[in-house]
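Chemist: Contents of coords-v3.pdb (PDB, C-alpha atoms, pLDDT in the B column) are below:
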ATOM      1  CA  MET S 197     100.927  14.949  71.435  1.00 77.00           C
ATOM      2  CA  ASN S 198     100.479  14.129  67.762  1.00 95.00           C
ATOM      3  CA  PHE S 199      99.380  10.906  66.062  1.00 95.00           C
ATOM      4  CA  LEU S 200     102.921   9.650  65.426  1.00 96.00           C
ATOM      5  CA  GLU S 201     104.137  10.333  68.965  1.00 97.00           C
ATOM      6  CA  LYS S 202     101.141   8.407  70.324  1.00 96.00           C
ATOM      7  CA  ARG S 203     101.920   5.457  68.059  1.00 96.00           C
ATOM      8  CA  ILE S 204     105.599   5.471  69.057  1.00 96.00           C
ATOM      9  CA  LEU S 205     104.603   5.396  72.741  1.00 96.00           C
ATOM     10  CA  LYS S 206     102.156   2.555  72.081  1.00 95.00           C
ATOM     11  CA  ASP S 207     104.291   0.308  69.866  1.00 95.00           C
ATOM     12  CA  GLY S 208     107.879   1.624  69.781  1.00 94.00           C
ATOM     13  CA  ILE S 209     110.591  -0.295  71.609  1.00 94.00           C
ATOM     14  CA  VAL S 210     113.701   1.351  73.041  1.00 96.00           C
ATOM     15  CA  LYS S 211     116.863  -0.729  72.710  1.00 93.00           C
ATOM     16  CA  PRO S 212     120.399  -0.104  73.993  1.00 92.00           C
ATOM     17  CA  GLY S 213     122.636   2.022  71.761  1.00 89.00           C
ATOM     18  CA  ASN S 214     120.059   4.774  71.074  1.00 89.00           C
ATOM     19  CA  VAL S 215     117.933   2.457  68.950  1.00 92.00           C
ATOM     20  CA  LEU S 216     114.188   3.038  68.639  1.00 94.00           C
ATOM     21  CA  LYS S 217     112.459   0.069  67.030  1.00 93.00           C
ATOM     22  CA  VAL S 218     109.355   1.029  65.095  1.00 95.00           C
ATOM     23  CA  ASP S 219     109.406  -2.000  62.836  1.00 93.00           C
ATOM     24  CA  SER S 220     105.908  -3.142  63.812  1.00 91.00           C
ATOM     25  CA  PHE S 221     104.304  -0.125  62.143  1.00 94.00           C
ATOM     26  CA  LEU S 222     106.798   1.996  60.168  1.00 92.00           C
ATOM     27  CA  ASN S 223     109.852   0.352  58.651  1.00 87.00           C
ATOM     28  CA  HIS S 224     109.328  -3.410  58.420  1.00 89.00           C
ATOM     29  CA  GLN S 225     105.622  -4.036  58.845  1.00 91.00           C
ATOM     30  CA  MET S 226     103.847  -0.868  57.725  1.00 93.00           C
ATOM     31  CA  ASP S 227     100.596   0.612  58.962  1.00 95.00           C
ATOM     32  CA  ILE S 228      99.177   2.000  55.723  1.00 96.00           C
ATOM     33  CA  ALA S 229      96.639   4.269  57.448  1.00 96.00           C
ATOM     34  CA  LEU S 230      99.467   5.765  59.535  1.00 96.00           C
ATOM     35  CA  LEU S 231     101.574   6.303  56.404  1.00 97.00           C
ATOM     36  CA  ASP S 232      98.622   8.073  54.778  1.00 97.00           C
ATOM     37  CA  GLU S 233      98.405  10.390  57.807  1.00 97.00           C
ATOM     38  CA  ILE S 234     102.139  11.081  57.511  1.00 97.00           C
ATOM     39  CA  GLY S 235     101.673  11.980  53.838  1.00 97.00           C
ATOM     40  CA  LYS S 236      98.843  14.386  54.650  1.00 98.00           C
ATOM     41  CA  GLU S 237     100.777  15.996  57.494  1.00 98.00           C
ATOM     42  CA  PHE S 238     103.887  16.640  55.391  1.00 98.00           C
ATOM     43  CA  HIS S 239     101.670  18.018  52.630  1.00 98.00           C
ATOM     44  CA  ARG S 240     100.107  20.393  55.161  1.00 98.00           C
ATOM     45  CA  ARG S 241     103.502  21.495  56.493  1.00 98.00           C
ATOM     46  CA  PHE S 242     104.983  22.155  53.037  1.00 98.00           C
ATOM     47  CA  ALA S 243     101.812  23.265  51.209  1.00 97.00           C
ATOM     48  CA  ASP S 244     103.275  26.707  50.512  1.00 97.00           C
ATOM     49  CA  LYS S 245     106.249  25.243  48.619  1.00 97.00           C
ATOM     50  CA  LYS S 246     106.439  24.534  44.916  1.00 96.00           C
ATOM     51  CA  ILE S 247     107.282  20.824  44.975  1.00 98.00           C
ATOM     52  CA  THR S 248     108.041  19.011  41.704  1.00 98.00           C
ATOM     53  CA  LYS S 249     109.775  15.922  43.125  1.00 98.00           C
ATOM     54  CA  VAL S 250     109.993  14.031  46.399  1.00 98.00           C
ATOM     55  CA  LEU S 251     113.399  12.462  47.080  1.00 98.00           C
ATOM     56  CA  THR S 252     114.325   9.785  49.603  1.00 96.00           C
ATOM     57  CA  ILE S 253     116.886   7.046  50.102  1.00 92.00           C
ATOM     58  CA  GLU S 254     116.213   3.322  49.944  1.00 86.00           C
ATOM     59  CA  ALA S 255     114.865   1.321  51.586  1.00 81.00           C
ATOM     60  CA  SER S 256     112.756   2.421  54.559  1.00 85.00           C
ATOM     61  CA  GLY S 257     112.482   6.017  53.339  1.00 90.00           C
ATOM     62  CA  ILE S 258     110.391   4.858  50.385  1.00 95.00           C
ATOM     63  CA  ALA S 259     107.351   3.917  52.472  1.00 94.00           C
ATOM     64  CA  ILE S 260     107.356   7.336  54.158  1.00 95.00           C
ATOM     65  CA  ALA S 261     107.946   9.286  50.941  1.00 97.00           C
ATOM     66  CA  TYR S 262     105.346   7.518  48.792  1.00 97.00           C
ATOM     67  CA  PRO S 263     102.225   9.003  50.446  1.00 98.00           C
ATOM     68  CA  VAL S 264     103.924  12.413  50.507  1.00 98.00           C
ATOM     69  CA  ALA S 265     104.550  12.303  46.747  1.00 98.00           C
ATOM     70  CA  ARG S 266     100.974  11.107  46.217  1.00 98.00           C
ATOM     71  CA  GLU S 267      99.618  14.060  48.244  1.00 98.00           C
ATOM     72  CA  PHE S 268     101.666  16.516  46.164  1.00 98.00           C
ATOM     73  CA  GLY S 269     100.860  14.713  42.910  1.00 98.00           C
ATOM     74  CA  VAL S 270     104.540  14.526  41.924  1.00 98.00           C
ATOM     75  CA  PRO S 271     107.049  11.754  41.170  1.00 98.00           C
ATOM     76  CA  LEU S 272     108.949  10.037  43.947  1.00 98.00           C
ATOM     77  CA  VAL S 273     112.654   9.468  43.296  1.00 97.00           C
ATOM     78  CA  PHE S 274     114.719   7.298  45.598  1.00 94.00           C
ATOM     79  CA  ALA S 275     118.483   7.237  45.808  1.00 92.00           C
ATOM     80  CA  LYS S 276     119.748   3.695  45.337  1.00 89.00           C
ATOM     81  CA  LYS S 277     122.455   2.401  47.634  1.00 82.00           C
ATOM     82  CA  SER S 278     124.339   0.678  44.856  1.00 70.00           C
ATOM     83  CA  LYS S 279     124.576   0.897  41.127  1.00 57.00           C
ATOM     84  CA  SER S 280     122.830  -2.049  39.532  1.00 59.00           C
ATOM     85  CA  ILE S 281     122.991  -3.181  35.918  1.00 51.00           C
ATOM     86  CA  ASN S 282     119.582  -1.650  35.183  1.00 57.00           C
ATOM     87  CA  ILE S 283     120.755   1.898  35.988  1.00 65.00           C
ATOM     88  CA  ASP S 284     122.276   3.351  32.877  1.00 62.00           C
ATOM     89  CA  GLY S 285     123.550   6.749  31.839  1.00 68.00           C
ATOM     90  CA  ASP S 286     124.959   9.563  33.919  1.00 87.00           C
ATOM     91  CA  LEU S 287     124.510   9.504  37.672  1.00 85.00           C
ATOM     92  CA  TYR S 288     124.680  11.802  40.654  1.00 87.00           C
ATOM     93  CA  VAL S 289     126.748   9.963  43.273  1.00 86.00           C
ATOM     94  CA  VAL S 290     127.464  10.616  46.954  1.00 85.00           C
ATOM     95  CA  GLU S 291     128.793   8.574  49.874  1.00 80.00           C
ATOM     96  CA  VAL S 292     126.523   8.372  52.923  1.00 80.00           C
ATOM     97  CA  GLU S 293     127.278   6.947  56.342  1.00 73.00           C
ATOM     98  CA  SER S 294     124.449   4.894  57.870  1.00 67.00           C
ATOM     99  CA  PHE S 295     123.800   5.271  61.614  1.00 59.00           C
ATOM    100  CA  THR S 296     121.679   2.116  61.656  1.00 62.00           C
ATOM    101  CA  HIS S 297     123.986  -0.158  59.682  1.00 63.00           C
ATOM    102  CA  LYS S 298     127.302   1.405  60.753  1.00 69.00           C
ATOM    103  CA  ASN S 299     128.658   1.466  57.203  1.00 73.00           C
ATOM    104  CA  ILE S 300     129.176   3.801  54.266  1.00 82.00           C
ATOM    105  CA  ASN S 301     126.943   3.481  51.216  1.00 80.00           C
ATOM    106  CA  ARG S 302     127.543   4.902  47.772  1.00 82.00           C
ATOM    107  CA  VAL S 303     124.126   6.244  46.752  1.00 86.00           C
ATOM    108  CA  VAL S 304     123.122   7.145  43.227  1.00 89.00           C
ATOM    109  CA  VAL S 305     120.344   8.923  41.355  1.00 91.00           C
ATOM    110  CA  SER S 306     120.090   8.917  37.577  1.00 90.00           C
ATOM    111  CA  LYS S 307     120.564  12.389  36.099  1.00 93.00           C
ATOM    112  CA  LYS S 308     117.439  11.873  33.995  1.00 93.00           C
ATOM    113  CA  PHE S 309     115.285  11.956  37.173  1.00 95.00           C
ATOM    114  CA  LEU S 310     116.680  15.109  38.825  1.00 96.00           C
ATOM    115  CA  SER S 311     117.272  18.385  36.984  1.00 95.00           C
ATOM    116  CA  SER S 312     117.845  22.086  37.603  1.00 96.00           C
ATOM    117  CA  ASP S 313     114.108  22.674  37.061  1.00 97.00           C
ATOM    118  CA  ASP S 314     113.169  20.578  40.089  1.00 98.00           C
ATOM    119  CA  HIS S 315     111.984  21.853  43.463  1.00 98.00           C
ATOM    120  CA  VAL S 316     112.644  18.954  45.803  1.00 98.00           C
ATOM    121  CA  LEU S 317     111.147  17.881  49.108  1.00 98.00           C
ATOM    122  CA  ILE S 318     113.483  15.395  50.814  1.00 98.00           C
ATOM    123  CA  ILE S 319     111.757  12.814  53.037  1.00 98.00           C
ATOM    124  CA  ASP S 320     113.195  10.125  55.328  1.00 96.00           C
ATOM    125  CA  ASP S 321     112.094   7.947  58.228  1.00 95.00           C
ATOM    126  CA  PHE S 322     114.803   8.771  60.811  1.00 94.00           C
ATOM    127  CA  LEU S 323     117.232  11.602  61.472  1.00 94.00           C
ATOM    128  CA  ALA S 324     120.116  10.809  63.832  1.00 92.00           C
ATOM    129  CA  ASN S 325     123.463  12.278  62.795  1.00 90.00           C
ATOM    130  CA  GLY S 326     122.216  13.829  59.550  1.00 91.00           C
ATOM    131  CA  CYS S 327     124.537  12.020  57.142  1.00 88.00           C
ATOM    132  CA  ALA S 328     121.745  10.632  54.946  1.00 89.00           C
ATOM    133  CA  LEU S 329     120.066  14.047  54.688  1.00 92.00           C
ATOM    134  CA  GLN S 330     123.349  15.778  53.902  1.00 94.00           C
ATOM    135  CA  GLY S 331     123.965  13.209  51.180  1.00 92.00           C
ATOM    136  CA  LEU S 332     120.519  13.763  49.664  1.00 95.00           C
ATOM    137  CA  ILE S 333     121.018  17.536  49.840  1.00 96.00           C
ATOM    138  CA  SER S 334     124.317  17.078  47.964  1.00 94.00           C
ATOM    139  CA  LEU S 335     122.562  15.092  45.227  1.00 94.00           C
ATOM    140  CA  VAL S 336     119.975  17.867  44.789  1.00 96.00           C
ATOM    141  CA  GLU S 337     122.669  20.538  44.732  1.00 95.00           C
ATOM    142  CA  ASP S 338     124.728  18.531  42.208  1.00 94.00           C
ATOM    143  CA  ALA S 339     121.654  18.659  39.947  1.00 96.00           C
ATOM    144  CA  ASN S 340     121.391  22.435  40.476  1.00 97.00           C
ATOM    145  CA  ALA S 341     117.872  21.771  41.739  1.00 98.00           C
ATOM    146  CA  THR S 342     116.267  23.544  44.700  1.00 98.00           C
ATOM    147  CA  VAL S 343     115.837  21.973  48.128  1.00 98.00           C
ATOM    148  CA  GLU S 344     112.413  23.246  49.220  1.00 98.00           C
ATOM    149  CA  GLY S 345     112.383  21.393  52.523  1.00 98.00           C
ATOM    150  CA  LEU S 346     113.159  18.265  54.457  1.00 98.00           C
ATOM    151  CA  GLY S 347     110.618  16.072  56.225  1.00 98.00           C
ATOM    152  CA  ILE S 348     111.512  13.461  58.820  1.00 98.00           C
ATOM    153  CA  ALA S 349     109.140  11.055  60.525  1.00 97.00           C
ATOM    154  CA  ILE S 350     111.267  10.589  63.678  1.00 97.00           C
ATOM    155  CA  GLU S 351     114.169  12.811  64.712  1.00 97.00           C
ATOM    156  CA  LYS S 352     116.511  11.821  67.512  1.00 96.00           C
ATOM    157  CA  GLY S 353     116.772  15.269  69.062  1.00 96.00           C
ATOM    158  CA  PHE S 354     119.499  14.162  71.471  1.00 95.00           C
ATOM    159  CA  GLN S 355     121.828  13.648  68.490  1.00 95.00           C
ATOM    160  CA  ASP S 356     123.154  16.593  66.502  1.00 93.00           C
ATOM    161  CA  GLY S 357     121.835  15.845  62.997  1.00 94.00           C
ATOM    162  CA  GLY S 358     118.740  18.046  63.249  1.00 95.00           C
ATOM    163  CA  MET S 359     120.695  20.965  64.666  1.00 95.00           C
ATOM    164  CA  ARG S 360     123.320  20.667  61.916  1.00 94.00           C
ATOM    165  CA  ILE S 361     120.715  20.632  59.127  1.00 95.00           C
ATOM    166  CA  ARG S 362     118.786  23.561  60.623  1.00 95.00           C
ATOM    167  CA  ASN S 363     122.040  25.527  61.072  1.00 95.00           C
ATOM    168  CA  LEU S 364     122.635  25.141  57.323  1.00 94.00           C
ATOM    169  CA  GLY S 365     119.426  27.132  56.815  1.00 95.00           C
ATOM    170  CA  TYR S 366     117.125  24.390  55.526  1.00 96.00           C
ATOM    171  CA  HIS S 367     113.442  24.148  56.378  1.00 96.00           C
ATOM    172  CA  LEU S 368     113.353  20.895  58.380  1.00 98.00           C
ATOM    173  CA  GLU S 369     110.111  19.474  59.753  1.00 97.00           C
ATOM    174  CA  SER S 370     110.102  16.406  62.007  1.00 98.00           C
ATOM    175  CA  LEU S 371     106.802  14.826  62.995  1.00 97.00           C
ATOM    176  CA  ALA S 372     108.208  13.428  66.243  1.00 97.00           C
ATOM    177  CA  ILE S 373     111.377  14.647  67.958  1.00 98.00           C
ATOM    178  CA  VAL S 374     112.650  12.254  70.613  1.00 97.00           C
ATOM    179  CA  ASP S 375     114.641  14.122  73.266  1.00 96.00           C
ATOM    180  CA  ALA S 376     115.412  11.100  75.445  1.00 96.00           C
ATOM    181  CA  MET S 377     115.002   7.318  75.495  1.00 96.00           C
ATOM    182  CA  ASP S 378     115.661   4.921  78.352  1.00 94.00           C
ATOM    183  CA  PRO S 379     116.326   1.308  77.299  1.00 92.00           C
ATOM    184  CA  ILE S 380     115.816   0.071  80.881  1.00 92.00           C
ATOM    185  CA  THR S 381     112.388   1.607  81.513  1.00 93.00           C
ATOM    186  CA  GLY S 382     111.371   1.991  77.862  1.00 92.00           C
ATOM    187  CA  GLU S 383     110.458   5.619  78.570  1.00 94.00           C
ATOM    188  CA  ILE S 384     110.464   8.018  75.597  1.00 96.00           C
ATOM    189  CA  THR S 385     110.422  11.809  76.010  1.00 96.00           C
ATOM    190  CA  PHE S 386     109.303  13.971  73.086  1.00 97.00           C
ATOM    191  CA  ARG S 387     110.209  17.591  72.435  1.00 95.00           C
ATOM    192  CA  GLU S 388     107.339  20.063  72.547  1.00 91.00           C
ATOM    193  CA  GLN S 389     106.615  21.384  69.037  1.00 86.00           C
TER     194      GLN S 389
END
Mind converting the file's structure to structure tokens?
Modeler:
Amino acid sequence: MNFLEKRILKDGIVKPGNVLKVDSFLNHQMDIALLDEIGKEFHRRFADKKITKVLTIEASGIAIAYPVAREFGVPLVFAKKSKSINIDGDLYVVEVESFTHKNINRVVVSKKFLSSDDHVLIIDDFLANGCALQGLISLVEDANATVEGLGIAIEKGFQDGGMRIRNLGYHLESLAIVDAMDPITGEITFREQ
């Protein structure tokens, strides 16, 4: 069992509707030492790749992606969920369905921050149905950049997102893959990796 699985067992809360709350240490209140470990682990897993940018989606993906970008010594770019007045120029745009919020977001990245020269590592906190990852992959492909890999903190292995992304041929690494959760007992079962 790895460091993230242990922390999920200690502080994660299983809720009805396939919800795993990790807000006490990962995506509301953040354990900085844990995030640093996540950054080091993704760096180890993708050390053989030529990474020039780390890409994520706002908001909770940023905390996971920051230490990864720091470990690689490259910029972190995050896709914004809406165009604001301070984003100018040409944009890459894609629509992404959110499992958590049950809505569709139009996400954007400025073309000046993603180019055909980039080798991108996509990072996010959760993988459920894979819509966010597919959207980020589309943004990278629209830029004619290269997707070098995808890193997920927590994958819900009982949903089909991970299988879909892997079947597309991408190198996907998840630090913790949850195979089952029981909201009555709070029991969490992880996949052997």
Chemist: With only C-alpha atoms as the basis for distance, which of S:Lys206, S:Arg241, S:Lys307, S:Arg387 is at the shortest distance from Tyr288 of chain S?
Modeler: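 Counting only C-alpha atoms, the residue closest to Tyr288 of chain S is S:Lys307.
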Chemist: Please evaluate the PyMOL selection byres ((chain S and resi 317-327) around 9) against the displayed coordinates and give the resulting residues as a PyMOL selection string.
Modeler: chain S and resi 222-223+242+245+247-253+256-261+264-265+292-295+315-316+328-333+342-361+370
Chemist: Between S:Ser278, S:Gly208, S:Lys236, S:Lys246, which residue has the minimum interatomic distance to Ile300 of chain S, considering only C-alpha atoms?
Modeler: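 Closest to Ile300 of chain S, using only C-alpha atoms: S:Ser278.
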Chemist: Quick one: apply the PyMOL selection byres ((chain S and resi 276) around 6) to the file and drop the selected residues here as a list of chain:residue names.
Modeler: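 For this structure, the PyMOL selection byres ((chain S and resi 276) around 6) resolves to S:Glu254, S:Ala275, S:Lys277, S:Ser278, S:Val303, S:Val304.
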Chemist: Can you translate the PyMOL selection byres ((chain S and resi 210-219) around 8) into the concrete residues it hits in this file, as a ChimeraX atom specification?
Modeler: /S:204,207-209,220-226,377-379,382-384
Chemist: Using only C-alpha atoms, which residue out of S:Val273, S:Leu371, S:Leu364, S:Phe238 lies closest to Ala255 of chain S?
Modeler: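 For Ala255 of chain S, the nearest of the candidates is S:Val273.
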Chemist: Using atom CA of Leu310 of chain S and atom CA of Asp286 of chain S as the two end points, give the distance in Å to one decimal.
Modeler: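 Interatomic distance here is 11.1 Å.
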Chemist: The centre and edge lengths of an axis-aligned box containing all atoms of segment 342-360 of chain S present in the file, extended by 4 Å on each side, are to be given in Å to one decimal, as AutoDock Vina command-line options.
Modeler:
--center_x 116.2 --center_y 17.1 --center_z 58.1 --size_x 22.2 --size_y 21.0 --size_z 34.8
Chemist: Please determine, counting only C-alpha atoms, which residue among S:Leu287, S:Phe268, S:Thr381, S:Lys202 has the shortest atom-to-atom distance to Asp244 of chain S.
Modeler: S:Phe268
Chemist: Any idea what the distance is between atom CA of Leu230 of chain S and atom CA of Gly365 of chain S?
Modeler: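 Atom CA of Gly365 of chain S lies 29.4 Å from atom CA of Leu230 of chain S.
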Chemist: Output segment 315-348 of chain S as a compact mmCIF listing (two decimals), keeping the file's coordinate frame, making sure N, CA and C atoms are there.
Modeler:
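For reference, out29.txt as written:
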# COMPACT_ATOMS: atom_id res chain seq x y z
N HIS S 315 112.12 21.32 42.10
CA HIS S 315 111.98 21.85 43.46
C HIS S 315 111.67 20.64 44.33
N VAL S 316 112.64 20.27 45.18
CA VAL S 316 112.64 18.95 45.80
C VAL S 316 112.30 19.03 47.29
N LEU S 317 111.43 18.11 47.70
CA LEU S 317 111.15 17.88 49.11
C LEU S 317 111.81 16.55 49.46
N ILE S 318 112.77 16.59 50.38
CA ILE S 318 113.48 15.40 50.81
C ILE S 318 112.76 14.81 52.02
N ILE S 319 112.50 13.50 51.98
CA ILE S 319 111.76 12.81 53.04
C ILE S 319 112.56 11.59 53.50
N ASP S 320 112.58 11.34 54.82
CA ASP S 320 113.20 10.12 55.33
C ASP S 320 112.51 9.70 56.62
N ASP S 321 112.76 8.47 57.04
CA ASP S 321 112.09 7.95 58.23
C ASP S 321 112.75 8.43 59.51
N PHE S 322 114.09 8.38 59.60
CA PHE S 322 114.80 8.77 60.81
C PHE S 322 115.86 9.82 60.51
N LEU S 323 116.11 10.66 61.51
CA LEU S 323 117.23 11.60 61.47
C LEU S 323 118.00 11.41 62.77
N ALA S 324 119.25 10.99 62.66
CA ALA S 324 120.12 10.81 63.83
C ALA S 324 121.29 11.78 63.71
N ASN S 325 122.30 11.41 62.94
CA ASN S 325 123.46 12.28 62.80
C ASN S 325 123.41 13.16 61.55
N GLY S 326 122.43 12.95 60.70
CA GLY S 326 122.22 13.83 59.55
C GLY S 326 122.98 13.47 58.30
N CYS S 327 123.73 12.38 58.31
CA CYS S 327 124.54 12.02 57.14
C CYS S 327 123.68 11.72 55.91
N ALA S 328 122.60 10.96 56.09
CA ALA S 328 121.74 10.63 54.95
C ALA S 328 121.14 11.90 54.34
N LEU S 329 120.64 12.80 55.20
CA LEU S 329 120.07 14.05 54.69
C LEU S 329 121.10 14.89 53.98
N GLN S 330 122.29 14.99 54.55
CA GLN S 330 123.35 15.78 53.90
C GLN S 330 123.71 15.18 52.55
N GLY S 331 123.71 13.85 52.46
CA GLY S 331 123.96 13.21 51.18
C GLY S 331 122.88 13.52 50.16
N LEU S 332 121.63 13.46 50.58
CA LEU S 332 120.52 13.76 49.66
C LEU S 332 120.54 15.24 49.24
N ILE S 333 120.87 16.11 50.18
CA ILE S 333 121.02 17.54 49.84
C ILE S 333 122.10 17.71 48.78
N SER S 334 123.22 17.00 48.94
CA SER S 334 124.32 17.08 47.96
C SER S 334 123.87 16.63 46.58
N LEU S 335 123.06 15.56 46.52
CA LEU S 335 122.56 15.09 45.23
C LEU S 335 121.71 16.16 44.56
N VAL S 336 120.84 16.81 45.34
CA VAL S 336 119.98 17.87 44.79
C VAL S 336 120.83 19.03 44.31
N GLU S 337 121.80 19.43 45.12
CA GLU S 337 122.67 20.54 44.73
C GLU S 337 123.51 20.20 43.51
N ASP S 338 123.97 18.95 43.39
CA ASP S 338 124.73 18.53 42.21
C ASP S 338 123.89 18.67 40.94
N ALA S 339 122.57 18.52 41.08
CA ALA S 339 121.65 18.66 39.95
C ALA S 339 121.27 20.11 39.70
N ASN S 340 121.79 21.02 40.53
CA ASN S 340 121.39 22.44 40.48
C ASN S 340 119.90 22.62 40.67
N ALA S 341 119.29 21.68 41.38
CA ALA S 341 117.87 21.77 41.74
C ALA S 341 117.75 22.53 43.06
N THR S 342 116.53 22.78 43.49
CA THR S 342 116.27 23.54 44.70
C THR S 342 115.73 22.63 45.79
N VAL S 343 116.37 22.68 46.96
CA VAL S 343 115.84 21.97 48.13
C VAL S 343 114.77 22.88 48.74
N GLU S 344 113.52 22.45 48.67
CA GLU S 344 112.41 23.25 49.22
C GLU S 344 112.17 22.94 50.69
N GLY S 345 112.57 21.76 51.13
CA GLY S 345 112.38 21.39 52.52
C GLY S 345 112.78 19.96 52.76
N LEU S 346 112.81 19.61 54.04
CA LEU S 346 113.16 18.26 54.46
C LEU S 346 112.15 17.81 55.49
N GLY S 347 111.60 16.62 55.30
CA GLY S 347 110.62 16.07 56.22
C GLY S 347 111.10 14.76 56.80
N ILE S 348 111.05 14.65 58.12
CA ILE S 348 111.51 13.46 58.82
C ILE S 348 110.37 12.93 59.68
